[in-house]
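Quick notes on the structure that follows.
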Amino acid sequence: MSLSGAGTGLAILPGGCTGADGVVHREAEVAAMTGRDEEMLVAAGRRSALLVTELLTRCVRRIGAITPVTADVARRLVVADRQFLLLKIREATFGTSVRSSISCPWADCAQRIDIEFTTSAIPVTQSADKGPEYVVTLTSGDELAFRLPNGADQEALSPLLQDNEAAALTGLLGRCVTRIGPHRPAPPELVAQLPPRDRQAIERRMAEVAPRIDLTMESTCPECRREYSVPFEIHSFLFGELSVNSALLRREIHYLAYHYHWSEREIMQMPRQRRQRYVSQLAEEIERSHDSP
Ligand SMILES: [Zn+2]
């Protein structure tokens, strides 16, 4: 994905979006966030699956021949594709370099550690079998078909996940199992009655066939010298990064409106990179005019 210039780019989804015609579309065109998008995310203040869906509809221009990318399309994307697109939007808006700090996960240390990495180096595993359905054989000998968890599942289950993880997992299974033996759709009571061995077999198979983005950061703490491994939560990170920048956004809007007499609306529609180019140009000119006698 090209990051220079206009702040849009093409990327190939590790999963893909099956269109009404049965074709799997994978080439996504992603645009940088505008001031409007940044403002929306900061104002929303929630780091939820709903917000990810909203951001994808704003910044993903098309997926293959599927355009516009509606909320419904964004919800049908599998979890890894949504994470992948968030990464690409973040790259288009801020570039590939991530600088942040975390607390050392070892409780008796907990020192602040500076971390730095490049998002383009994050390992992405594409799915070999695009489904959209996958089959496992149950201990009863019956076949069971499932689809992979998607954005709609995340939206429906993320409130539950905080309170009761086991119930959320059962709910997920109920949503993703599409057929048991001859029964399509799968009756909820049959899904609920699946023995643990079958549930584990389904979860294992899901993990095998799903596209994957390895968002684990592994390193050694410079303070306590122990190794640690922590998840990089791209949505929390991105939304946190934006709220840190919201004061700056307001200052930039004021600055450009004041000097160029542009409306707030015009400024807010610019991608971040373009807005900041104007800001630095203007700053240089003002500095030059101060220097000249
Ligand atoms: Zn440590």
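Residue numbering restarts at 1 in every chain; chains get A, B, ... in the order shown in the structure tokens, and ligands count up from 1 in that same order.
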Open item on the list: Taking only C-alpha atoms and all ligand atoms into account, list the residues no farther than 7 Å from ligand 1, as an NGL selection string.
Closed with: :A and (104-106 or 109-111 or 221-226)
Task: Polymer residues at most 12 Å from Asp81 of chain A, only C-alpha atoms, same-chain spacing of 5 or more positions, as a ChimeraX atom specification - done: /A:11-17,25-28,52-53,56,60,63,73-76,86-88,124-127,148-151,210-213
TODO: Go through A:Leu173, A:Ala145, A:Val191, A:Leu248 and flag the residue nearest Gly131 of chain A, using only C-alpha atoms for the distances.
DONE: A:Ala145
Open item on the list: If DSSP is run on the backbone, what residues of segment 76-177 of chain A are strand (DSSP E)? A reply as a list in words would be ideal.
Closed with: Ser97, Val98, Arg99, Ser100, Ser101, Ile102, Ser103, Arg112, Ile113, Asp114, Ile115, Glu116, Phe117, Thr118, Val124, Thr125, Tyr134, Val135, Val136, Thr137, Glu143, Leu144, Ala145, Phe146 and Val177 of chain A
List as a PDB file with N, CA, C and O atoms, in the first residue's frame the protein and nucleic acid residues near Leu215 of chain A, meaning an atom at most 7 Å away when only C-alpha atoms are counted, but skip any in the same chain fewer than 6 places from it.
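Output below, filename result.pdb:
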```pdb
ATOM      1  N   ILE A 122       3.679  -6.340  10.596  1.00  0.00           N
ATOM      2  CA  ILE A 122       2.771  -7.225  11.332  1.00  0.00           C
ATOM      3  C   ILE A 122       2.401  -8.421  10.447  1.00  0.00           C
ATOM      4  O   ILE A 122       1.959  -8.244   9.313  1.00  0.00           O
ATOM      5  N   PRO A 231      -1.047  -8.256  23.713  1.00  0.00           N
ATOM      6  CA  PRO A 231      -1.773  -8.002  22.463  1.00  0.00           C
ATOM      7  C   PRO A 231      -1.725  -6.516  22.119  1.00  0.00           C
ATOM      8  O   PRO A 231      -1.777  -5.665  23.016  1.00  0.00           O
ATOM      9  N   PHE A 232      -1.591  -6.234  20.847  1.00  0.00           N
ATOM     10  CA  PHE A 232      -1.688  -4.860  20.361  1.00  0.00           C
ATOM     11  C   PHE A 232      -3.130  -4.669  19.905  1.00  0.00           C
ATOM     12  O   PHE A 232      -3.541  -5.207  18.886  1.00  0.00           O
TER      13      PHE A 232
END
```
TODO: Once DSSP has gone over the backbone, tell me which residues of segment 25-214 of chain A are in alpha helix (DSSP H), as a ChimeraX atom specification.
DONE: /A:35-44,49-59,71-76,79-94,151-163,165-176,188-192,196-209
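Straight-line separation from atom CA of Leu138 of chain A to atom CA of Arg199 of chain A: 9.1 Å.
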Task: Who sits within 8 Å of Ile253 of chain A, only C-alpha atoms, same chain under 5 positions skipped, as a list in words - done: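 What passes the distance filter is Glu264, Ile267 and Met268 of chain A.
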Open item on the list: Nearest residue to Tyr260 of chain A out of A:Arg275, A:Thr57, A:Ala71, A:Ser246, using only C-alpha atoms?
Closed with: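 Comparing A:Arg275, A:Thr57, A:Ala71, A:Ser246 against Tyr260 of chain A, the winner is A:Arg275.
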Task: Selection: 12 Å around Asp198 of chain A, only C-alpha atoms, excl. self and same-chain fewer than 4 positions, as JSON, numbers by chain - done: {"A": [136, 137, 138, 139, 140, 141, 142, 143, 144, 173, 180, 190, 191, 192, 193, 194, 202, 203, 204, 205]}
- [ ] Pick out the closest residue to Pro187 of chain A from this set: A:Gly19, A:Gly95, A:Gly240, A:Gly174. Count only C-alpha atoms.
- [x]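 Nearest to Pro187 of chain A: A:Gly174.
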TODO: Give the answer as one residue: which of A:Ser101, A:Asp37, A:Phe146, A:Ala168 has the shortest atom-to-atom distance to Ile113 of chain A, using only C-alpha atoms?
DONE: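 Under the stated criterion, the closest residue is A:Ser101.
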TODO: Check the smallest atom-to-atom distance from each of A:Glu284, A:Glu208, A:Asp21, A:Glu241 to Arg99 of chain A using only C-alpha atoms, then report the winner.
DONE: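 Closest to Arg99 of chain A of all the choices is A:Glu241.
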Open item on the list: Quick check, in Å to one decimal: how far apart do atom CA of Leu50 of chain A and atom CA of Val135 of chain A lie?
Closed with: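 These atoms are spaced 29.4 Å apart.
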Task: Top pick for closest residue to Phe239 of chain A, considering A:Ile89, A:Ala257, A:Val23, A:Val79 and counting only C-alpha atoms - done: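 Of the candidates, the smallest distance to Phe239 of chain A is held by A:Ile89.
Relative to atom CA of Val42 of chain A, atom CA of Tyr258 of chain A is found at 23.4 Å.
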